[in-house]
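What follows is one structure encoded as structure tokens, with my remarks underneath.
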Amino acid sequence: MFINYEHENHVYNVSIEHKDSYYFITYDNTEYKVEAEETKPGQLKIKIGDKIVKAVIAESGKEKFVFVDGDVFKVKPVELTGMKRVKKKDEEEGLSSPISGRVVSVKVKKGDFVKKGDVLMVIEAMKMEYLIRAPYDGKVKKINFKEKDQIEIGQTTVELEKE
Amino acid sequence: MFINYEHENHVYNVSIEHKDSYYFITYDNTEYKVEAEETKPGQLKIKIGDKIVKAVIAESGKEKFVFVDGDVFKVKPVELTGMKRVKKKDEEEGLSSPISGRVVSVKVKKGDFVKKGDVLMVIEAMKMEYLIRAPYDGKVKKINFKEKDQIEIGQTTVELEKE
Amino acid sequence: MVLFKKVLVANRGEIAVRVIKACQEMGVKTVAIYSDVDKDAPHVQLADETVGLGDPTPIQSYLNISKIIKIAQDVGAEAIHPGYGFLAENPDFAMSCDDAGVKFIGPSSKVIGLMGDKIAAKKTMEKAGVPVIPGYHGLKQDVSTLVREGKKIGFPLLVKAAAGGGGKGMRIVYSEDTLEESIESAKRESKSSFGDDTVFLEKYLDKPRHIEFQILADEYGNTIHLFERECSIQRRHQKIIEETPSPVVSKELRRRMGEAAVKAAQAVGYSNAGTVEFMVDGDLNFYFMEMNTRLQVEHPITEMTTGVDLVKWQLRIASGMKLTLKQKDLFQRGHAIECRIYAEDPRNGFLPSVGTLEKIEVPTGPNIRDDSGICTGMKITPYYDPLLAKLVVSAENREESIQKMIWALSHYVVMGVTTNISFLKKVLEHEEFRRGNITTHFIDNYFKDWTTAKKGLPVDAIIALAVYDLMHRRTHEVVRYKEADPHSPWKHVGRWRVGGI
Amino acid sequence: MVLFKKVLVANRGEIAVRVIKACQEMGVKTVAIYSDVDKDAPHVQLADETVGLGDPTPIQSYLNISKIIKIAQDVGAEAIHPGYGFLAENPDFAMSCDDAGVKFIGPSSKVIGLMGDKIAAKKTMEKAGVPVIPGYHGLKQDVSTLVREGKKIGFPLLVKAAAGGGGKGMRIVYSEDTLEESIESAKRESKSSFGDDTVFLEKYLDKPRHIEFQILADEYGNTIHLFERECSIQRRHQKIIEETPSPVVSKELRRRMGEAAVKAAQAVGYSNAGTVEFMVDGDLNFYFMEMNTRLQVEHPITEMTTGVDLVKWQLRIASGMKLTLKQKDLFQRGHAIECRIYAEDPRNGFLPSVGTLEKIEVPTGPNIRDDSGICTGMKITPYYDPLLAKLVVSAENREESIQKMIWALSHYVVMGVTTNISFLKKVLEHEEFRRGNITTHFIDNYFKDWTTAKKGLPVDAIIALAVYDLMHRRTHEVVRYKEADPHSPWKHVGRWRVGGI
């Protein structure tokens, strides 16, 4: 079986087969021969050589969470063919809201020229303020939110035309 | 809705209706008007007058377990019509095994006359011994188990003919 | 000295979980063993490595010395922690560990053997100047000699397995009539549990309390005690509630008993964790009863009041480290109580209860500790002791500690087997318990009727069930109530009012 | 004096749960309030009575003074426990309680007001002979005055909301360039959080530690301290790890700081639980920073090392009982650490994370305490602080306590939101933390890179996922990997070997 997992905009290609009482996993040009058991629903005990790995897995829609050695990772199985780039351009990223919250103040007007680092918008969430700064010098093309608007994580705050 | 619950060989007859935001329960000639909410699956919060009752309910096949004020009760819904008596005669009860375990010794033979209190059989379970004593004077009619036999809770150990 | 790298835990249930966690915190790898019925048990889930034992019969699994030692060697475990019960006080096991080059975490095989023979143990203590209870500890073990000696001591008296512990092979005899039968039955049970049918007899004390002292001794002769545990609340001669400090032990009595406990341990060259059990009578005289050469079920209450982790010290001591705790630096603070949650029916002679655990909810909060060996879906089988978990609390004083325990018990939900939770709560709520007026007869004195009384379904439960069923509409098999014949077993139950609402 | 019969808890999350449990143990009935999004939250599940507040916006719900007081009157609550945050340090709320004849569990409105105004608080302390940090606490609040005063004090300096607490409205300024902007932003945040835009400036100390003392004072002038808490590990000026005792506080320093803390409390006629916060510099000089007139988030570590239940004492004191704890009877034992489990992303500037909690598994064991306000299925919304739970452990000494915390964090599973659990573990594992070499700059000094570094999926996770998916065969949407164009974002990932097995 071949599986592709997406995690933080990277795709991991894995193949796995079950033979006798072993699982054979191939990833990144290495083959791992492991023994595994699901001890409780979602709880795995995996023997990789001398090492015992305990993992907990939960599913939520298409997403999976995997807990290993104190860390939780969120992954999605993906199809690579014809897939769109999920990651925005870096330039846009700096302009999207890092959090769901409320716009407390808009510092610029359409047509303003701003310098890299200038504060464009202030968003409040969970009783803290987040500043949206210009990621580069540019001209304000469009402002998508006004004061007191609700804004969701990832939404673009302001559109900037690069100088 | 009418419901009969069986608990420890007693049947409890209840009627319940839902009207507006209240439940009306009638039991033992008394009517209770309560508010109730299932806060988590199987977890109820019930307001009976000034009192708040929190109950946890779990189901296992036909049986239900209800947890109220630190106590757990096991109940079954029952049909009364044509129902067989589930309770054995008291006399027989004393002769049934109180526990699932292993017979370590049989103290009597078929045809023996025994006195009330005489030990008939010794059963071992969870590293402890349980003595089956004659509940009345009588003659041994049948012995259902021999040494080292596995015995289940409720099975009749020895049949006695009353003197 | 460095700690072991890998330890095999030769036990199951809550104590295996407790030991595995202590090892993991210290960076020691753990190996769990399990019989077929324990495949998915919490101690197996938690361990770093696991090895199956097959057949659940104790003698084939957790009591199987050669199998366990072979596993330890195969996985490269340097030491074995026996927990309590099973092989914990078996000198042959300790000896076999030595022979196999695997460290047994506990005292030497010789000390276990000596203390395991209750007769020899008492003689040793008498010689060392520790007071013992009058009784017969003779080697003549024929029933007629025992009956004769029993009559000499007088009634009530106790018949006790020499090799026993935890109430196994123990009988209390109130009159001559049942003496012979009790001796025979105790011998049989002892034989089957411990492979040895030697019993001894002793005087049953007036207003007896069971008070024990925790000992820690390293392998260089340093011995300390960690104060007392009051364990008088017992049913079937097994403890169900323990507390510390004891409501009757004064500072002065504590000092004297503590010194006697240390003396007892030193008299036999004791090392590792152990417990010296005393009987204390109504006049606060104390007598050596026995020494348990292992970790005790009720060790958590000592941990909560002294701040010492006994299991970690067991590991350090066994790996050859010195005891750095000093007697003068130790003190008790606050008050701790342990309740043993058993799968048993207090309304039916405390008989063990078997079944599948359908639902478990555990109370949490400051100073609430739940040492548990169970999980949802687990089957409670007749193969092993029916101890499910130990609920332990501590607070600033005894009264608050009792309040906290009552709150915690009221929030402890176990469904699928009958438990003693509600019984434990009733004991804690009892006025005489609250006053600290407890003896080992407490349950018999105050709860004899309770244990046999049947109790009905309370109205709150009926309401909850009806509401639940209406919400879920799952109860369709409901039929009109017929006026049954007068001999029906249902005659004393409520009936609904037609046209009620 | 008798305890209240019924108390309303004007809070949510873990602290509401903590207070409700304490009340219930003492036999006090509890009333929980909740906004729409908290309908099924643990504090609502647990309370004896519950009343809804509607709209989740804080100002409409947990900050709604008139609504909350009306509920207290309607349900017949004799007292209100404010927890921390929300209305806990709002003098108007305390005053409104007084006016409504409902006891506010905390100090008087007057004291809260005085200490809430950081400028007035410092002046009061200076007068009482408690050392304070150099700074500007003037009434002239125009930006140009503040900029001028800031330049006089020098850099780095701190801009701080006078009414603030918990890092809200606080900015650290390293150079003149950003001074003006920081002052403006702090004022705005302060205005929106506390309705007051007064800020003050103070010197940022060299190698500063944040060390605070717990106070308990009854209403008859008896005041004690319960030793220190070291709270230097902070991100965004908010504590994330606290411990006691502090690795740098000697017996002598503890005595002097404790005396200063008691003096500070007495100078304002303090009653109930409170905390005096000090900054301690590299030479172990200490300066009064502020007094928190409420229960502190990190109070459990004091409870674990002193054996005192602070919440129960809050209730007793508020109901008019005398403090029976004496300074000379108090002592610290062992070492305790608290880690705050936040729904936030340490790899992305510690931004709060929202979502639904899909799975929670909590570590248990001796001396592990989880003060939690979450349950499976609960939604973490942007309305409130992203604190999920507080994991607290204690052990015989600091090293063991750290080991235990690392074990516990490694077994703490929260799925559905990003948490700081793994970050907390990395901090505890850091060599300088282990040595006790910590300052409030610790995270900035050692974890600046870490927080922005992206990290891949470890091989163990990939294996676990693949095994799980094969076991469950739920992944069918798998397509052959195509050699993508060189500009693909996937270029630096592993590819499988054709014919691998």
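Letters A, B, ... go to the chains of the structure tokens in the order shown; residues in each chain start at 1; ligands are counted from 1 in the same order.
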Inset, instruction - Mind listing the alpha helix (DSSP H) residues of segment 83-140 of chain C, per DSSP on the backbone, as a list in words? - result: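 Those residues are Pro91, Asp92, Phe93, Ala94, Met95, Ser96, Cys97, Asp98, Asp99, Ala100, Ser109, Lys110, Val111, Ile112, Gly113, Leu114, Met115, Gly116, Lys118, Ile119, Ala120, Ala121, Lys122, Lys123, Thr124, Met125, Glu126 and Lys127 of chain C.
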Those residues you just picked out, can you put them in a file as a short mmCIF file (atom, residue, chain, number, x, y, z; two decimals), in the first residue's frame with N, CA, C and O atoms?
data_model
loop_
_atom_site.label_atom_id
_atom_site.label_comp_id
_atom_site.auth_asym_id
_atom_site.auth_seq_id
_atom_site.Cartn_x
_atom_site.Cartn_y
_atom_site.Cartn_z
N PRO C 91 10.68 -17.01 49.17
CA PRO C 91 12.14 -17.04 49.26
C PRO C 91 12.79 -17.82 48.12
O PRO C 91 13.90 -17.50 47.70
N ASP C 92 12.07 -18.83 47.60
CA ASP C 92 12.63 -19.59 46.48
C ASP C 92 12.80 -18.71 45.24
O ASP C 92 13.75 -18.87 44.48
N PHE C 93 11.84 -17.80 45.08
CA PHE C 93 11.93 -16.91 43.93
C PHE C 93 13.13 -15.98 44.07
O PHE C 93 13.92 -15.81 43.13
N ALA C 94 13.27 -15.40 45.27
CA ALA C 94 14.41 -14.51 45.51
C ALA C 94 15.72 -15.26 45.28
O ALA C 94 16.67 -14.74 44.67
N MET C 95 15.75 -16.51 45.76
CA MET C 95 16.93 -17.36 45.59
C MET C 95 17.20 -17.64 44.11
O MET C 95 18.34 -17.54 43.65
N SER C 96 16.14 -17.97 43.39
CA SER C 96 16.29 -18.26 41.95
C SER C 96 16.79 -17.04 41.20
O SER C 96 17.55 -17.16 40.23
N CYS C 97 16.35 -15.86 41.62
CA CYS C 97 16.85 -14.64 41.00
C CYS C 97 18.35 -14.52 41.21
O CYS C 97 19.11 -14.27 40.27
N ASP C 98 18.76 -14.71 42.47
CA ASP C 98 20.19 -14.67 42.79
C ASP C 98 20.98 -15.62 41.90
O ASP C 98 21.98 -15.26 41.29
N ASP C 99 20.47 -16.87 41.83
CA ASP C 99 21.16 -17.89 41.05
C ASP C 99 21.28 -17.50 39.58
O ASP C 99 22.26 -17.83 38.91
N ALA C 100 20.23 -16.80 39.09
CA ALA C 100 20.22 -16.44 37.67
C ALA C 100 20.97 -15.13 37.42
O ALA C 100 21.05 -14.66 36.28
N SER C 109 16.78 -13.55 50.25
CA SER C 109 15.99 -14.78 50.30
C SER C 109 15.93 -15.31 51.74
O SER C 109 14.90 -15.77 52.21
N LYS C 110 17.04 -15.22 52.46
CA LYS C 110 17.13 -15.75 53.82
C LYS C 110 16.16 -15.00 54.74
O LYS C 110 15.40 -15.60 55.52
N VAL C 111 16.17 -13.67 54.63
CA VAL C 111 15.29 -12.86 55.49
C VAL C 111 13.82 -13.11 55.13
O VAL C 111 12.96 -13.23 56.01
N ILE C 112 13.53 -13.23 53.84
CA ILE C 112 12.14 -13.52 53.43
C ILE C 112 11.69 -14.84 54.02
O ILE C 112 10.59 -14.96 54.57
N GLY C 113 12.58 -15.84 53.94
CA GLY C 113 12.26 -17.16 54.48
C GLY C 113 12.00 -17.09 55.97
O GLY C 113 11.01 -17.63 56.48
N LEU C 114 12.86 -16.40 56.67
CA LEU C 114 12.74 -16.30 58.12
C LEU C 114 11.43 -15.60 58.51
O LEU C 114 10.69 -16.07 59.38
N MET C 115 11.13 -14.49 57.86
CA MET C 115 9.94 -13.73 58.21
C MET C 115 8.67 -14.37 57.67
O MET C 115 7.59 -14.17 58.20
N GLY C 116 8.83 -15.17 56.62
CA GLY C 116 7.68 -15.86 56.04
C GLY C 116 7.20 -16.97 56.96
O GLY C 116 6.01 -17.31 56.96
N LYS C 118 6.00 -17.55 60.17
CA LYS C 118 5.54 -16.66 61.24
C LYS C 118 6.04 -17.12 62.62
O LYS C 118 6.23 -16.31 63.53
N ILE C 119 6.20 -18.44 62.77
CA ILE C 119 6.65 -18.98 64.06
C ILE C 119 8.08 -18.58 64.34
O ILE C 119 8.41 -18.02 65.39
N ALA C 120 8.93 -18.82 63.36
CA ALA C 120 10.34 -18.46 63.51
C ALA C 120 10.48 -16.95 63.69
O ALA C 120 11.30 -16.47 64.48
N ALA C 121 9.65 -16.20 62.94
CA ALA C 121 9.73 -14.74 63.02
C ALA C 121 9.45 -14.27 64.44
O ALA C 121 10.19 -13.44 64.99
N LYS C 122 8.40 -14.82 65.06
CA LYS C 122 8.06 -14.38 66.41
C LYS C 122 9.16 -14.73 67.40
O LYS C 122 9.50 -13.94 68.28
N LYS C 123 9.72 -15.92 67.24
CA LYS C 123 10.81 -16.33 68.14
C LYS C 123 11.99 -15.37 68.01
O LYS C 123 12.58 -14.95 68.99
N THR C 124 12.32 -15.03 66.79
CA THR C 124 13.43 -14.10 66.55
C THR C 124 13.16 -12.76 67.21
O THR C 124 14.04 -12.16 67.84
N MET C 125 11.93 -12.29 67.08
CA MET C 125 11.58 -10.99 67.65
C MET C 125 11.59 -11.03 69.17
O MET C 125 12.07 -10.10 69.81
N GLU C 126 11.08 -12.13 69.74
CA GLU C 126 11.08 -12.28 71.20
C GLU C 126 12.52 -12.17 71.71
O GLU C 126 12.79 -11.46 72.67
N LYS C 127 13.42 -12.85 70.99
CA LYS C 127 14.83 -12.86 71.37
C LYS C 127 15.42 -11.45 71.27
O LYS C 127 16.22 -11.04 72.09
#
Produce a table with one row for each residue of chain A that has an atom at most 8 Å from any atom of chain C, each row naming the nearest atom pair and its distance in Å at one decimal; use only C-alpha atoms; arrange rows by chain and rising residue number; format as a Markdown table.
| residue | atom | partner | partner_atom | distance |
| --- | --- | --- | --- | --- |
| A:Thr39 | CA | C:Asp40 | CA | 6.0 |
| A:Lys40 | CA | C:Asp40 | CA | 7.4 |
| A:Lys45 | CA | C:Gln45 | CA | 8.0 |
| A:Ile52 | CA | C:Asp48 | CA | 5.9 |
May I have the residues from that selection written out with all heavy atoms, as a PDB file, in the first residue's frame?
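The resulting out_16.pdb:
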ATOM      1  N   THR A  39      -3.368  -1.660  20.890  1.00  0.00           N
ATOM      2  CA  THR A  39      -3.686  -2.162  22.231  1.00  0.00           C
ATOM      3  C   THR A  39      -5.044  -1.667  22.709  1.00  0.00           C
ATOM      4  O   THR A  39      -5.742  -2.372  23.419  1.00  0.00           O
ATOM      5  CB  THR A  39      -2.603  -1.753  23.241  1.00  0.00           C
ATOM      6  OG1 THR A  39      -2.395  -0.350  23.128  1.00  0.00           O
ATOM      7  CG2 THR A  39      -1.300  -2.467  22.960  1.00  0.00           C
ATOM      8  N   LYS A  40      -5.389  -0.452  22.371  1.00  0.00           N
ATOM      9  CA  LYS A  40      -6.728   0.089  22.596  1.00  0.00           C
ATOM     10  C   LYS A  40      -7.091   0.804  21.306  1.00  0.00           C
ATOM     11  O   LYS A  40      -6.209   1.097  20.518  1.00  0.00           O
ATOM     12  CB  LYS A  40      -6.706   1.134  23.737  1.00  0.00           C
ATOM     13  CG  LYS A  40      -6.629   0.555  25.119  1.00  0.00           C
ATOM     14  CD  LYS A  40      -7.035   1.586  26.183  1.00  0.00           C
ATOM     15  CE  LYS A  40      -6.011   2.688  26.376  1.00  0.00           C
ATOM     16  NZ  LYS A  40      -6.261   3.490  27.605  1.00  0.00           N
ATOM     17  N   LYS A  45       1.246   0.079  19.723  1.00  0.00           N
ATOM     18  CA  LYS A  45       2.534  -0.258  20.319  1.00  0.00           C
ATOM     19  C   LYS A  45       3.357  -0.852  19.184  1.00  0.00           C
ATOM     20  O   LYS A  45       2.964  -1.855  18.600  1.00  0.00           O
ATOM     21  CB  LYS A  45       2.302  -1.268  21.424  1.00  0.00           C
ATOM     22  CG  LYS A  45       3.432  -1.378  22.387  1.00  0.00           C
ATOM     23  CD  LYS A  45       2.959  -2.067  23.647  1.00  0.00           C
ATOM     24  CE  LYS A  45       3.822  -1.693  24.836  1.00  0.00           C
ATOM     25  NZ  LYS A  45       3.214  -2.177  26.067  1.00  0.00           N
ATOM     26  N   ILE A  52      10.711   0.424  21.562  1.00  0.00           N
ATOM     27  CA  ILE A  52       9.254   0.330  21.587  1.00  0.00           C
ATOM     28  C   ILE A  52       8.714   1.746  21.392  1.00  0.00           C
ATOM     29  O   ILE A  52       9.068   2.649  22.137  1.00  0.00           O
ATOM     30  CB  ILE A  52       8.747  -0.200  22.943  1.00  0.00           C
ATOM     31  CG1 ILE A  52       9.327  -1.575  23.256  1.00  0.00           C
ATOM     32  CG2 ILE A  52       7.218  -0.199  22.964  1.00  0.00           C
ATOM     33  CD1 ILE A  52       8.558  -2.727  22.679  1.00  0.00           C
TER      34      ILE A  52
END
Inset, instruction - Grab the atom CA of Asp117 of chain C to atom CA of Ile183 of chain C distance for me, in Å with one decimal place. - result: 17.5 Å
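Using only C-alpha atoms, the contacts of Lys162 of chain B at a cut-off of 12 Å, with sequence neighbours closer than 5 positions omitted, comprise Glu91, Glu92, Phe113, Val114, Lys115, Lys116, Ala134, Pro135, Tyr136, Asp137, Gly138, Lys139, Val140 and Lys141 of chain B.
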Could you dump the residues just selected with N, CA and C atoms as a short mmCIF file (atom, residue, chain, number, x, y, z; two decimals), in the first residue's frame?
data_model
loop_
_atom_site.label_atom_id
_atom_site.label_comp_id
_atom_site.auth_asym_id
_atom_site.auth_seq_id
_atom_site.Cartn_x
_atom_site.Cartn_y
_atom_site.Cartn_z
N GLU B 91 -34.38 -21.68 49.80
CA GLU B 91 -33.70 -22.94 50.17
C GLU B 91 -32.65 -23.31 49.13
N GLU B 92 -33.02 -23.12 47.87
CA GLU B 92 -32.06 -23.48 46.81
C GLU B 92 -30.88 -22.52 46.79
N PHE B 113 -26.89 -38.30 54.99
CA PHE B 113 -27.78 -37.41 55.74
C PHE B 113 -26.94 -36.29 56.33
N VAL B 114 -27.37 -35.04 56.12
CA VAL B 114 -26.58 -33.90 56.63
C VAL B 114 -27.44 -33.06 57.56
N LYS B 115 -26.77 -32.34 58.44
CA LYS B 115 -27.46 -31.43 59.35
C LYS B 115 -27.28 -30.00 58.85
N LYS B 116 -28.22 -29.14 59.17
CA LYS B 116 -28.12 -27.73 58.80
C LYS B 116 -26.77 -27.18 59.25
N ALA B 134 -25.11 -26.80 54.39
CA ALA B 134 -26.49 -27.24 54.23
C ALA B 134 -27.41 -26.19 54.84
N PRO B 135 -28.41 -25.70 54.07
CA PRO B 135 -29.32 -24.68 54.61
C PRO B 135 -30.39 -25.30 55.52
N TYR B 136 -30.49 -26.63 55.52
CA TYR B 136 -31.46 -27.32 56.39
C TYR B 136 -31.01 -28.78 56.51
N ASP B 137 -31.60 -29.52 57.45
CA ASP B 137 -31.31 -30.94 57.57
C ASP B 137 -31.85 -31.65 56.33
N GLY B 138 -31.16 -32.66 55.85
CA GLY B 138 -31.68 -33.33 54.67
C GLY B 138 -30.79 -34.46 54.18
N LYS B 139 -31.24 -35.02 53.05
CA LYS B 139 -30.54 -36.15 52.46
C LYS B 139 -29.98 -35.72 51.10
N VAL B 140 -28.72 -36.08 50.84
CA VAL B 140 -28.09 -35.67 49.58
C VAL B 140 -28.69 -36.45 48.42
N LYS B 141 -29.35 -35.72 47.48
CA LYS B 141 -30.03 -36.34 46.36
C LYS B 141 -29.10 -36.44 45.15
#
Legend entry - Which residue of C:Asn348, C:Ser319, C:Gln214, C:Gln266 approaches Val102 of chain C most closely, using only C-alpha atoms: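 Smallest distance to Val102 of chain C is found for C:Ser319.
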Legend entry - Expected answer as a PyMOL selection string: strand (DSSP E) residues in segment 142-371 of chain D: chain D and resi 157-161+170-173+199-203+209-217+223-235+238-244+272-280+286-292+335-342+344-345+351-352+355-356+359-361+368-371
Inset, instruction - Identify, on the basis of only C-alpha atoms, every residue whose closest approach to Thr198 of chain C does not exceed 10 Å; exclude the query and any residue fewer than 3 positions from it along the same chain; express the result as a VMD selection string. - result: chain C and resid 117 to 119 137 to 142 160 to 164 169 186 to 188 190 to 191 194 to 195
